[in-house]
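Beneath this line is the structure, given in structure tokens, with notes to follow.
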Amino acid sequence: MKISLKVNGQPHSADVEPRLLLVDFLRDTLGLTGTKRGCETGECGACTILLNGKAVKSCLTLAVQAEGGEITTVEGLAQDGQLSVLQEAFWENHAVQDGFSTPGLLMAAADLFKRNPRPTEAEVRAALDGNLDRITGYQNVVRAILAAADKLNGVAAQPAEAPPASIMGASIKTKEPPALLRGETQFVGDISFPKQLHAAVLRSAYAHAAIKSIDTSAAAAMPGVARIFTAVDIGAMMPLPVVWVPQDVQSHFPPHPSGIVPGSQPILAKDRVRYVGEQLAVVVAETRQQAFDALDAIKVEYEPLPTVVDAEAALKEGAPQLHEAAPNNLLALASYGDKAVVDEAIGKSEVVVKQRFHNQRMMANTVETRGCVANYDLKTEEYTLWTNVQPLYPVRLLISQYVLGIPYNKLRIVAPFFGESLGSKGYLNAEYPIMLFISRQLGRPVKWVDTREGLARSTTQGRDQVEYMTLAGTKDGRITALSCTAYSNVGAYPVINAPGQPRTLIGRSIPGAYMIPSTFYEVNIVYTNTVPVGPLRGSGRAEATFAIERMIDLYAREIGLDPAEVRRKNMVPPDKFPYDNGVGFTYDSGNYPAALQKALEKMDYANLAARKADARRRGKRLGVGIGSYVAVAGVGPSGVMGKEGLVSGTWGSASVHVQPSGEVLVTTGAQPHGQSQGTTFAQIAAQELGIPVEYVSVHHSDTSSALYYGQGSYGSRSLSVEGTAVQMAVQKIKAKACKFAAYLFKASEEHIKFENGKVFLVFAPDKAVLTLQQVAFMTWLAWDLPEGMDPGLEATAYFNPTNFNFPFGTHIALVEVDEETGKVEVVRYVAVDDFGNVVNPAVVEGQTHGNIALGIGQALYEQVVYDPQGQILTDSYATYALPKASALPTFELDRTVTPSPTNSLGAKGAGDVSNPPVAPAIVNAICDALADLGIKHIDMPVTPEKVWQAMQTAKSEEVSDVSQAI
Amino acid sequence: MYPKPFDYVMPATLDEAIQKLQQDKAMALAGGSGLVPAMSLGRAAPALLVDLRQLADLAGLAPRPEGGWRIGALTTYATLATSQTLQENYPALAEAIQGLSDPAVRNRATLGGALAEAHPASDVAAAVLALKATLQVRGPAGARAIPAAEFFTGPGQTALKAAEIIYAVDLPAAGKASAYEKFKNPASGYALCGVAVCLEKAGGKIVGAQVALTGAADYPQRLADVEAALVGQVPTAARVSVAAAQIGAARLNFVTDLAASAAYRAHLAEVLVKRALARVA
Ligand SMILES: Cc1cc2nc3c(=O)[nH]c(=O)nc-3n(C[C@H](O)[C@H](O)[C@H](O)COP(=O)(O)OP(=O)(O)OC[C@H]3O[C@@H](n4cnc5c(N)ncnc54)[C@H](O)[C@@H]3O)c2cc1C
Ligand code: FES
């Protein structure tokens with residue numbers, strides 16, 4: 001059908017199939033990829049555009065329905081090259097992190113302004129309810145929209161705070177947003193090459209089955225299909241490897257032909273599948289639609305086997321067995337601490353509190369799914385993979401050495417701009433090597449982008465641990481012992497770092513911020529017929545913090561003390577650092593009670609009685625809950641990680657070039673996906689060199705860069721490890737500049753100083769002086785260098801820290817519970833965090849916003865649900881609940897600053913560490929609200945129904961108590 | 001993932017549309033917000049789509065000579081959500097629309113499409129039931145009027161016959177004392193339970209009461225027992241509670257699914273009936 005319409009003022013005509021969605025017309029036919037595809041069912045809002053001046057979700061609209069219409073996409077918002085007021089406000093208010101949801105949010109806001117030029121905050125939030133964003137917590141987005149409304153209405157902006165004197169610690173605007181705000185930035189789904197083929201993956205429909213046959217003949221004959229690959233077509237491709245494997249448990253893994261590391265799942269399953277979603281075949285076709293059309297025509301004959309989806313059940317006798325190498329489905333049983341000592345301490349204690357927790361299965365459910373474009377170049381014999389994975393270099397090493405068996409030198413990995421991750425893109429998944437293989441087989445680029453349903457079945461999920469906790473203490477509030485027996489569900493196969501999380505990250509974090517004389521942790525890591533599980537933002541520390549923080553509240557309630565008081569009494573005091581927590585971590589520095597105090601004051605904790613009474617009059621129960629935390633960050637000390645079983649150098653590095661032009665180029669292995677290293681690392685270099693930050697560019701996300709290796713960004717490591725390496729490299733450059741100046745000025749080096757971008761002789765700072773640019777130029781010319789000095793002004797530095805760093809803080813939530821429905825509303829949220837020295841406070845606030853939103857999501861909404869047959873029931877945004885803009889309050893943030901002694905920046909991690917205290921703060925608040933009913937615990941997500949049921953049970957027990965008394 | 005192929009026509013008249021809809025596996029297309037995602041998910045696979053959008057006279061609000069208002073089937077939610085007429089005369093319908101989905105969906109979705117779709121948790125379904133609306137439909141056998149109470153016949157089922165098109169929704173004059181209360185499914189935003197009420201009072205007593213439920217039971221329906229407990233009574237808080245408690249007595253098929261159990265839905269129904277009635281009693 002022929003359609004004609006105007007897009008961003010330009011007329012377009014095209015012949016389209018009636019079934020073509022408007023989103024695909026804009027993206028694929030017109031190449032306007034600023035409009036994103038996140039769900040194709042109308043829930044995520046990433047595809048929002050204006051049609052005839054009104055917001056429309058272009059995935060809910062056929063292209064033919066737009067015939068004759070006028071469309072504005074994000075690309076059309078800027079006028080004459082100038083960002084609109086709205087776009088500027090997003091930039092200025094730090095409303096853009098990874099930026100994948102940004103176009104949709106902008107279009108929703110543009111629509112709001114047309115209807116309502118002066119919206120209230122509540123109206124802004126309501127207007128964003130059709131736009132999902134997993135990263136910003138909507139905080140700065142709402143702020144930006146309100147600021148833009150003010151500006152458009154001529155309301156004078158608040159006078160900006162005076163910029164700090166130093167570039168370090170300044171909330172300067174980040175560099176990436178303008179292109180993102182214009183919709184010009186290319187994410188992996190936006191990349192296209194000439195002659196590119198499209199792949200779709202056939203996934204197992206059963207959670208556990210023998211594969212009798214796969215018949216691809218009908219599908220292969222479908223229009224546009226280039227080839228279909230099943231296990232028999234991929235030759236000697238090795239299974240996925242596992243690299244975080246403590247030696248004692250290696251035998252419990254599927255084998256791997258490398259003989260060096262154990263194996264995991266096969267790239268394509270051959271005769272058995274172990275979870276719904278396991279990949280069976282890949283269809284490659286001329287268009288993505290053709291590839292998906294053909295998927296339906298593949299016939300698989302399954303012979304279903306019994307399934308088990310629950311970790312505790314999987315250990316029981318007679319449970320279905322997943323792997324021959326792992327009897328009773330046990331991947332590992334590990335423990336820290338001395339059980340006998342702890343049991344004895346518990347036995348002698350005045351008070352003992354016990355509770356079972358289930359830290360539920362979650363998924364990142366990012367609006368941007370995973371994807372890749374693979375290309376094998378016949379001329380250079382080089383493979384290139386454009387993909388959204390965080391650890392580029394590790395994945396390069398694993399694919400080349402352990403899966404494809406090709407030279408490391410011949411594989412290049414590039415992360416284009418990168419949407420949300422929450423850790424879910426931190427893995428090696430089967431699709432990447434197979435697409436590389438297929439590209440080589442077919443001699444054409446191959447593109448694969450996952451779907452929403454595919455994501456639920458193919459992308460690593462998180463959490464899913466059951467803990468049996470015992471906390472013992474005195475009647476007056478001193479903790480004497482802590483014991484935890486845990487069951488971790490790792491899914492059907494181990495992901496690259498699977499065993500690490502339940503062991504190191506949870507186990508060693510279990511005592512939290514407290515001095516506990518003896519702690520014991522034991523974990524059963526168990527295979528089940530579910531999607532593999534690995535770290536998800538907050539990983540490990542989230543599970544541990546939830547358990548200990550809930551136990552503190554239960555203990556406080558048991559002995560009738562204020563939970564804040566119990567925390568204060570037991571927190572590691574500021575004079576005890578470095579502090580050995582007894583189960584393997586040495587906390588670097590901190591003032592835990594100070595952060596607690598600050599948060600209590602901010603919440604007006606001591607004066608909530610009146611508010612509670614007022615809430616009661618409105619049929620609500622007010623509750624307040626504290627979550628204090630200390631979270632390991634800054635991976636890390638390579639030797640320590642090696643002892644934990646990780647086969648990967650976790651040190652950081654940076655290479656800094658002062659170019660012949662005098663500009664500075666920083667190359668880092670930290671891979672940004674919303675954390676703005678392009679800006680913060682430039683700030684570090686600019687500060688150290690004393691030059692304007694605009695002179696510094698940051699290069700990342702491409703393994704063909706000059707850098708030897710880069711670990712990537714995860715676990716709150718990049719600033720404190722990779723960022724420190726930037727500072728160290730710059731220090732080397734300064735030293736070289738000083739040496740050169742000393743030579744030139746014929747002075748001794750001790751009389752040379754480097755300050756504000758200049759080197760000079762201290763006696764004649766105005767005469768004997770060279771700018772950085774001059775030094776760069778002269779060392780580049782190398783006409784006259786001191787003996788032994790290399791030409792050029794560049795340096796590479798490596799930072800292999802000796803310890804992790806340990807950010808900490810206290811969060812406090814105030815919630816209202818509806819007496820009748822059980823619905824929980826978070827009415828205030830206070831966070832006081834200590835990330836040590838902070839380079840860009842606005843960036844760090846953005847990270848904290850995302851952490852809080854995710855934590856509220858875990859506490860109240862999110863859960864991956866499997867039925868007993870292992871079918872995943874939450875494979876869409878309509879079934880997997882997330883916190884939306886209107887469900888969140890404005891987060892109130894503050895910080896204390898305790899520099900870390902473990903790195904020269906004094907920095908502590910900030911990326912995911914402030915997630916762990918959130919869920920316990922919320923659940924503590926709910927339990928506080930329900931305390932007088934005798935309700936002690938409700939497992940997450942605390943849905944209205946669970947609250948209502950708990951209230952029902954409590955009330956009926958009360959009644960039976962009364963009747964017994966009579 | 002992708003809709004299956006289909007043919008597409010855009011008739012210029014209602015008659016032509018009805019004629020096209022008589023073809024095998026033909027479906028009407030209004031805003032598309034229900035149908036297009038259903039096609040993307042493979043839950044609908046029409047052979048022919050009959051796009052109604054040229055039938056411009058099917059959109060808009062107009063007073064009816066006999067009192068009350070007529071809403072064209074193609075009127076979008078966005079138009080209705082901001083309509084002063086609706087807010088003043090039929091708060092239950094205005095509230096149902098304002099509280100559903102998001103602005104972008106409301107810009108496309110139409111009242112007729114929503115009613116034809118008859119989602120078990122449709123907000124507007126409860127509102128039109130409580131407001132005693134009449135659906136005006138036309139099909140191969142001519143025009144007929146279907147009272148809302150007879151329109152929703154079962155889960156996802158309606159009284160619409162093949163190739164029939166809803167062209168208007170007529171609302172009677174009495175609708176001011178109406179309200180809608182919704183408890184959202186946090187994932188989909190649909191009603192886990194939604195209750196619309198509309199009362200008529202005379203001489204301090206309730207003389208007419210419609211109470212309709214959506215989302216909680218298997219399909220949108222009126223709650224006769226609750227209504228019966230209201231009519232002829234003085235609208236006190238105590239009476240409202242007594243009436244709401246009739247939910248328990250009603251033999252409804254409350255739904256248990258991922259989002260909530262039948263027991264919780266039944267409880268919510270009672271709470272929301274009370275809350276909605278409290279606002280209009
Ligand atoms: C993200 C999202 C969230 C939503 N949330 C809610 C919610 O919270 N509450 C709620 O109630 N609804 C909700 N909806 C549903 C939405 O309200 C309906 O899908 C929409 O109103 C359907 O109207 P439409 O004009 O888009 O219909 P279409 O999608 O065009 O059609 C829907 C069905 O009706 C038929 N049809 C259309 N018009 C007519 C007609 N005039 N006569 C006969 N048959 C017709 C079509 O053949 C099709 O079967 C949501 C939808 C989306 C996408
Ligand atoms: S892609 Fe359209 S709403 Fe998600």
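Note on naming: chains are A, B, ... as they come in the structure tokens, residues start from 1 per chain, ligands start from 1 in the order shown.
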| said: Please identify all residues of chain A having at least one atom at most 6 Å from any atom of chain B, considering only C-alpha atoms, and return them as an MDAnalysis selection string. | reply: chainID A and resid 19 41 55:56 60 129:130 878:881
Would you write out, as a Markdown table, a table of all residues in chain A that have an atom no more than 12 Å from an atom of ligand 2, listing for each the closest atom pair and the distance in Å to one decimal, considering only C-alpha atoms and all ligand atoms and ordering rows by chain and rising residue number?
| residue | atom | partner | partner_atom_place_in_ligand_line | distance |
| --- | --- | --- | --- | --- |
| A:Leu21 | CA | ligand 2 | 2 (Fe) | 9.9 |
| A:Leu22 | CA | ligand 2 | 2 (Fe) | 9.7 |
| A:Val23 | CA | ligand 2 | 2 (Fe) | 7.5 |
| A:Asp24 | CA | ligand 2 | 1 (S) | 10.0 |
| A:Arg27 | CA | ligand 2 | 1 (S) | 11.7 |
| A:Thr35 | CA | ligand 2 | 1 (S) | 8.8 |
| A:Lys36 | CA | ligand 2 | 1 (S) | 6.5 |
| A:Arg37 | CA | ligand 2 | 1 (S) | 4.0 |
| A:Gly38 | CA | ligand 2 | 1 (S) | 4.1 |
| A:Cys39 | CA | ligand 2 | 4 (Fe) | 3.8 |
| A:Glu40 | CA | ligand 2 | 1 (S) | 4.2 |
| A:Thr41 | CA | ligand 2 | 3 (S) | 5.7 |
| A:Gly42 | CA | ligand 2 | 3 (S) | 3.4 |
| A:Glu43 | CA | ligand 2 | 3 (S) | 4.4 |
| A:Cys44 | CA | ligand 2 | 4 (Fe) | 3.8 |
| A:Gly45 | CA | ligand 2 | 3 (S) | 3.8 |
| A:Ala46 | CA | ligand 2 | 4 (Fe) | 5.2 |
| A:Cys47 | CA | ligand 2 | 2 (Fe) | 4.4 |
| A:Thr48 | CA | ligand 2 | 2 (Fe) | 6.6 |
| A:Ile49 | CA | ligand 2 | 2 (Fe) | 9.7 |
| A:Ala55 | CA | ligand 2 | 3 (S) | 11.4 |
| A:Val56 | CA | ligand 2 | 2 (Fe) | 8.9 |
| A:Lys57 | CA | ligand 2 | 2 (Fe) | 5.2 |
| A:Ser58 | CA | ligand 2 | 2 (Fe) | 5.8 |
| A:Cys59 | CA | ligand 2 | 2 (Fe) | 4.2 |
| A:Leu60 | CA | ligand 2 | 2 (Fe) | 6.4 |
| A:Thr61 | CA | ligand 2 | 2 (Fe) | 9.0 |
| A:Leu62 | CA | ligand 2 | 2 (Fe) | 11.7 |
| A:Phe100 | CA | ligand 2 | 1 (S) | 11.5 |
| A:Ser101 | CA | ligand 2 | 4 (Fe) | 9.8 |
| A:Pro103 | CA | ligand 2 | 1 (S) | 11.6 |
| A:Gly104 | CA | ligand 2 | 3 (S) | 8.8 |
| A:Leu105 | CA | ligand 2 | 3 (S) | 11.3 |
| A:Ala108 | CA | ligand 2 | 3 (S) | 11.5 |
| A:Asp129 | CA | ligand 2 | 3 (S) | 11.2 |
| A:Gly130 | CA | ligand 2 | 3 (S) | 7.6 |
| A:Asn131 | CA | ligand 2 | 3 (S) | 7.5 |
| A:Leu132 | CA | ligand 2 | 4 (Fe) | 8.5 |
| A:Asp133 | CA | ligand 2 | 4 (Fe) | 11.1 |
| A:Thr366 | CA | ligand 2 | 4 (Fe) | 11.2 |
| A:Val367 | CA | ligand 2 | 4 (Fe) | 7.8 |
| A:Glu368 | CA | ligand 2 | 1 (S) | 9.8 |
| A:Thr369 | CA | ligand 2 | 1 (S) | 11.2 |
| A:Thr451 | CA | ligand 2 | 1 (S) | 10.2 |
| A:Arg452 | CA | ligand 2 | 4 (Fe) | 9.1 |
| A:Ser876 | CA | ligand 2 | 4 (Fe) | 10.3 |
| A:Tyr877 | CA | ligand 2 | 4 (Fe) | 9.0 |
| A:Ala878 | CA | ligand 2 | 4 (Fe) | 11.0 |
With C-alpha atoms retained, write the just-selected residues as a PDB file, in the first residue's frame.
ATOM      1  CA  LEU A  21       4.100  -0.947  12.355  1.00  0.00           C
ATOM      2  CA  LEU A  22       4.660   2.780  12.386  1.00  0.00           C
ATOM      3  CA  VAL A  23       7.685   2.314  14.646  1.00  0.00           C
ATOM      4  CA  ASP A  24       9.321   0.052  12.059  1.00  0.00           C
ATOM      5  CA  ARG A  27      13.155   3.236  12.056  1.00  0.00           C
ATOM      6  CA  THR A  35      12.318   6.409  18.078  1.00  0.00           C
ATOM      7  CA  LYS A  36      13.055   3.224  20.010  1.00  0.00           C
ATOM      8  CA  ARG A  37      11.449  -0.173  20.121  1.00  0.00           C
ATOM      9  CA  GLY A  38      11.290  -1.520  23.668  1.00  0.00           C
ATOM     10  CA  CYS A  39       8.301  -3.806  23.965  1.00  0.00           C
ATOM     11  CA  GLU A  40       6.042  -3.684  20.888  1.00  0.00           C
ATOM     12  CA  THR A  41       2.928  -3.903  23.089  1.00  0.00           C
ATOM     13  CA  GLY A  42       2.419  -0.334  24.177  1.00  0.00           C
ATOM     14  CA  GLU A  43       3.821  -0.472  27.688  1.00  0.00           C
ATOM     15  CA  CYS A  44       7.326   0.998  27.611  1.00  0.00           C
ATOM     16  CA  GLY A  45       6.735   4.240  25.740  1.00  0.00           C
ATOM     17  CA  ALA A  46      10.133   4.146  24.007  1.00  0.00           C
ATOM     18  CA  CYS A  47       8.397   4.426  20.646  1.00  0.00           C
ATOM     19  CA  THR A  48       6.370   7.535  21.518  1.00  0.00           C
ATOM     20  CA  ILE A  49       6.038  10.108  18.734  1.00  0.00           C
ATOM     21  CA  ALA A  55       1.588  11.628  21.554  1.00  0.00           C
ATOM     22  CA  VAL A  56       1.100   8.204  20.077  1.00  0.00           C
ATOM     23  CA  LYS A  57       2.874   4.927  20.663  1.00  0.00           C
ATOM     24  CA  SER A  58       4.140   4.017  17.253  1.00  0.00           C
ATOM     25  CA  CYS A  59       4.235   0.296  18.080  1.00  0.00           C
ATOM     26  CA  LEU A  60       0.465   0.390  18.599  1.00  0.00           C
ATOM     27  CA  THR A  61      -0.091   2.045  15.252  1.00  0.00           C
ATOM     28  CA  LEU A  62       0.114   0.644  11.754  1.00  0.00           C
ATOM     29  CA  PHE A 100      17.535   4.838  25.791  1.00  0.00           C
ATOM     30  CA  SER A 101      14.219   5.910  27.291  1.00  0.00           C
ATOM     31  CA  PRO A 103      13.325  10.051  23.339  1.00  0.00           C
ATOM     32  CA  GLY A 104      10.048   8.572  24.563  1.00  0.00           C
ATOM     33  CA  LEU A 105      10.126  10.642  27.737  1.00  0.00           C
ATOM     34  CA  ALA A 108       5.558  12.394  26.354  1.00  0.00           C
ATOM     35  CA  ASP A 129       3.057   6.642  33.381  1.00  0.00           C
ATOM     36  CA  GLY A 130       3.257   5.180  29.915  1.00  0.00           C
ATOM     37  CA  ASN A 131       7.034   5.525  29.796  1.00  0.00           C
ATOM     38  CA  LEU A 132       9.270   3.054  31.551  1.00  0.00           C
ATOM     39  CA  ASP A 133      12.772   3.908  32.627  1.00  0.00           C
ATOM     40  CA  THR A 366      15.632  -3.297  30.676  1.00  0.00           C
ATOM     41  CA  VAL A 367      13.786  -1.253  28.087  1.00  0.00           C
ATOM     42  CA  GLU A 368      16.682  -1.853  25.704  1.00  0.00           C
ATOM     43  CA  THR A 369      17.025  -5.589  25.177  1.00  0.00           C
ATOM     44  CA  THR A 451      12.385  -9.214  21.955  1.00  0.00           C
ATOM     45  CA  ARG A 452      10.607  -8.543  25.237  1.00  0.00           C
ATOM     46  CA  SER A 876       6.028  -8.788  29.521  1.00  0.00           C
ATOM     47  CA  TYR A 877       5.721  -5.386  31.101  1.00  0.00           C
ATOM     48  CA  ALA A 878       2.026  -6.162  31.560  1.00  0.00           C
TER      49      ALA A 878
END
Handout entry: alpha helix (DSSP H) per DSSP on the backbone: members of stretch 72-143 of chain B, as number ranges by chain
Key = B: 77-81, 84-89, 91-98, 103-108, 111-117, 123-130
Taken to one decimal, the atom CA of A:Asn328-atom CA of A:Lys354 distance is 27.0 Å
If you count only C-alpha atoms, which residues fall within 10 Å of B:Gly154, apart from same-chain ones fewer than 4 positions away, as a ChimeraX atom specification?
/B:118,120,158-159,218-221
Q) Using only C-alpha atoms, which residues sit within 10 Å of A:Ser648 once same-chain residues fewer than 5 positions away are excluded, as a PyMOL selection string? A) chain A and resi 243-244+394+397+638-639+641-642+711
Write out the residues from the selection above, keeping all heavy atoms, as an mmCIF file, in the first residue's frame.
data_model
loop_
_atom_site.group_PDB
_atom_site.id
_atom_site.type_symbol
_atom_site.label_atom_id
_atom_site.label_comp_id
_atom_site.auth_asym_id
_atom_site.auth_seq_id
_atom_site.Cartn_x
_atom_site.Cartn_y
_atom_site.Cartn_z
ATOM 1 N N VAL A 243 34.036 -18.545 34.608
ATOM 2 C CA VAL A 243 35.357 -18.081 35.042
ATOM 3 C C VAL A 243 35.446 -17.735 36.526
ATOM 4 O O VAL A 243 36.507 -17.427 37.026
ATOM 5 C CB VAL A 243 35.843 -16.867 34.224
ATOM 6 C CG1 VAL A 243 36.050 -17.274 32.783
ATOM 7 C CG2 VAL A 243 34.904 -15.683 34.336
ATOM 8 N N TRP A 244 34.317 -17.746 37.218
ATOM 9 C CA TRP A 244 34.423 -17.520 38.661
ATOM 10 C C TRP A 244 34.059 -18.824 39.354
ATOM 11 O O TRP A 244 32.907 -19.088 39.664
ATOM 12 C CB TRP A 244 33.524 -16.372 39.097
ATOM 13 C CG TRP A 244 33.884 -15.873 40.477
ATOM 14 C CD1 TRP A 244 34.764 -16.442 41.340
ATOM 15 C CD2 TRP A 244 33.378 -14.710 41.128
ATOM 16 N NE1 TRP A 244 34.859 -15.697 42.505
ATOM 17 C CE2 TRP A 244 34.020 -14.628 42.399
ATOM 18 C CE3 TRP A 244 32.470 -13.726 40.773
ATOM 19 C CZ2 TRP A 244 33.755 -13.596 43.304
ATOM 20 C CZ3 TRP A 244 32.200 -12.701 41.681
ATOM 21 C CH2 TRP A 244 32.840 -12.629 42.938
ATOM 22 N N PRO A 394 36.886 -8.970 28.672
ATOM 23 C CA PRO A 394 36.683 -10.352 29.130
ATOM 24 C C PRO A 394 35.862 -11.169 28.125
ATOM 25 O O PRO A 394 36.190 -12.319 27.841
ATOM 26 C CB PRO A 394 35.936 -10.174 30.458
ATOM 27 C CG PRO A 394 36.392 -8.841 30.964
ATOM 28 C CD PRO A 394 36.563 -8.000 29.730
ATOM 29 N N LEU A 397 37.986 -12.185 25.254
ATOM 30 C CA LEU A 397 38.882 -13.286 25.587
ATOM 31 C C LEU A 397 38.122 -14.614 25.619
ATOM 32 O O LEU A 397 38.570 -15.629 25.072
ATOM 33 C CB LEU A 397 39.521 -13.011 26.955
ATOM 34 C CG LEU A 397 40.620 -13.969 27.397
ATOM 35 C CD1 LEU A 397 41.839 -13.845 26.493
ATOM 36 C CD2 LEU A 397 41.029 -13.698 28.836
ATOM 37 N N SER A 638 43.344 -7.961 42.347
ATOM 38 C CA SER A 638 43.323 -9.157 41.497
ATOM 39 C C SER A 638 43.683 -10.418 42.266
ATOM 40 O O SER A 638 43.061 -11.463 42.076
ATOM 41 C CB SER A 638 44.286 -8.979 40.321
ATOM 42 O OG SER A 638 43.941 -7.817 39.604
ATOM 43 N N GLY A 639 44.676 -10.317 43.137
ATOM 44 C CA GLY A 639 45.107 -11.495 43.891
ATOM 45 C C GLY A 639 44.004 -11.984 44.813
ATOM 46 O O GLY A 639 43.762 -13.187 44.950
ATOM 47 N N MET A 641 40.816 -11.505 44.397
ATOM 48 C CA MET A 641 39.771 -12.099 43.556
ATOM 49 C C MET A 641 40.209 -13.481 43.069
ATOM 50 O O MET A 641 39.397 -14.386 42.923
ATOM 51 C CB MET A 641 39.436 -11.188 42.371
ATOM 52 C CG MET A 641 38.696 -9.905 42.746
ATOM 53 S SD MET A 641 37.196 -10.171 43.722
ATOM 54 C CE MET A 641 36.133 -10.917 42.491
ATOM 55 N N GLY A 642 41.499 -13.621 42.808
ATOM 56 C CA GLY A 642 42.015 -14.925 42.398
ATOM 57 C C GLY A 642 41.771 -15.969 43.475
ATOM 58 O O GLY A 642 41.348 -17.084 43.208
ATOM 59 N N GLN A 711 38.569 -4.092 32.241
ATOM 60 C CA GLN A 711 37.617 -4.992 32.897
ATOM 61 C C GLN A 711 36.166 -4.595 32.655
ATOM 62 O O GLN A 711 35.275 -5.408 32.809
ATOM 63 C CB GLN A 711 37.842 -5.018 34.414
ATOM 64 C CG GLN A 711 38.662 -6.190 34.910
ATOM 65 C CD GLN A 711 37.965 -7.539 34.770
ATOM 66 O OE1 GLN A 711 36.789 -7.687 35.046
ATOM 67 N NE2 GLN A 711 38.719 -8.527 34.325
#
**Asked** Neighbours of A:Ala209 within 9 Å (only C-alpha atoms; same-chain residues fewer than 4 positions away dropped), as a PyMOL selection string?
**Response** chain A and resi 204+271-275+302-307
I'd like to know which of A:Val245, A:Ala685, A:Leu20, A:Leu32 is closest to A:Asn8, using only C-alpha atoms.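 Selected residue with least distance to A:Asn8: A:Leu32.
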Need the shell around stretch 115-120 of chain A: protein/DNA/RNA residues with any atom at most 10 Å away, counting only C-alpha atoms. Skip same-chain ones fewer than 6 positions apart. Format as an NGL selection string?
(:A and (54 or 109 or 126-127 or 142 or 145-146 or 148-150 or 152-153)) or (:B and (82))
Please provide the set of residues having any atom within 7 Å of stretch 173-179 of chain A, restricted to only C-alpha atoms, with same-chain residues fewer than 4 positions apart removed, written as number ranges by chain. A: 91-92, 94, 96, 183-185, 676, 678-679
Selection from above, N, CA and C atoms, as a PDB file, in the first residue's frame, can you write it?
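Wrote out_30.pdb, looks like this:
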ATOM      1  N   TRP A  91      19.138  18.148  29.774  1.00  0.00           N
ATOM      2  CA  TRP A  91      20.602  18.147  29.874  1.00  0.00           C
ATOM      3  C   TRP A  91      21.044  18.793  31.189  1.00  0.00           C
ATOM      4  N   GLU A  92      20.500  19.975  31.432  1.00  0.00           N
ATOM      5  CA  GLU A  92      20.932  20.735  32.608  1.00  0.00           C
ATOM      6  C   GLU A  92      20.579  20.037  33.905  1.00  0.00           C
ATOM      7  N   HIS A  94      20.439  16.866  34.443  1.00  0.00           N
ATOM      8  CA  HIS A  94      21.008  15.509  34.512  1.00  0.00           C
ATOM      9  C   HIS A  94      19.932  14.437  34.393  1.00  0.00           C
ATOM     10  N   VAL A  96      19.390  12.652  31.803  1.00  0.00           N
ATOM     11  CA  VAL A  96      19.762  11.624  30.829  1.00  0.00           C
ATOM     12  C   VAL A  96      20.916  10.805  31.406  1.00  0.00           C
ATOM     13  N   GLY A 183      18.206  12.265  19.551  1.00  0.00           N
ATOM     14  CA  GLY A 183      17.865  10.971  18.954  1.00  0.00           C
ATOM     15  C   GLY A 183      18.883  10.537  17.916  1.00  0.00           C
ATOM     16  N   GLU A 184      20.060  11.127  17.920  1.00  0.00           N
ATOM     17  CA  GLU A 184      21.069  10.803  16.904  1.00  0.00           C
ATOM     18  C   GLU A 184      21.960   9.641  17.341  1.00  0.00           C
ATOM     19  N   THR A 185      22.067   9.443  18.646  1.00  0.00           N
ATOM     20  CA  THR A 185      22.971   8.419  19.140  1.00  0.00           C
ATOM     21  C   THR A 185      22.525   7.038  18.688  1.00  0.00           C
ATOM     22  N   SER A 676      28.380   7.962  32.869  1.00  0.00           N
ATOM     23  CA  SER A 676      29.031   9.206  32.452  1.00  0.00           C
ATOM     24  C   SER A 676      30.533   9.243  32.683  1.00  0.00           C
ATOM     25  N   GLY A 678      32.636   9.306  30.515  1.00  0.00           N
ATOM     26  CA  GLY A 678      33.149  10.243  29.518  1.00  0.00           C
ATOM     27  C   GLY A 678      33.323  11.636  30.104  1.00  0.00           C
ATOM     28  N   THR A 679      32.570  11.912  31.140  1.00  0.00           N
ATOM     29  CA  THR A 679      32.671  13.218  31.795  1.00  0.00           C
ATOM     30  C   THR A 679      33.509  13.133  33.062  1.00  0.00           C
TER      31      THR A 679
END
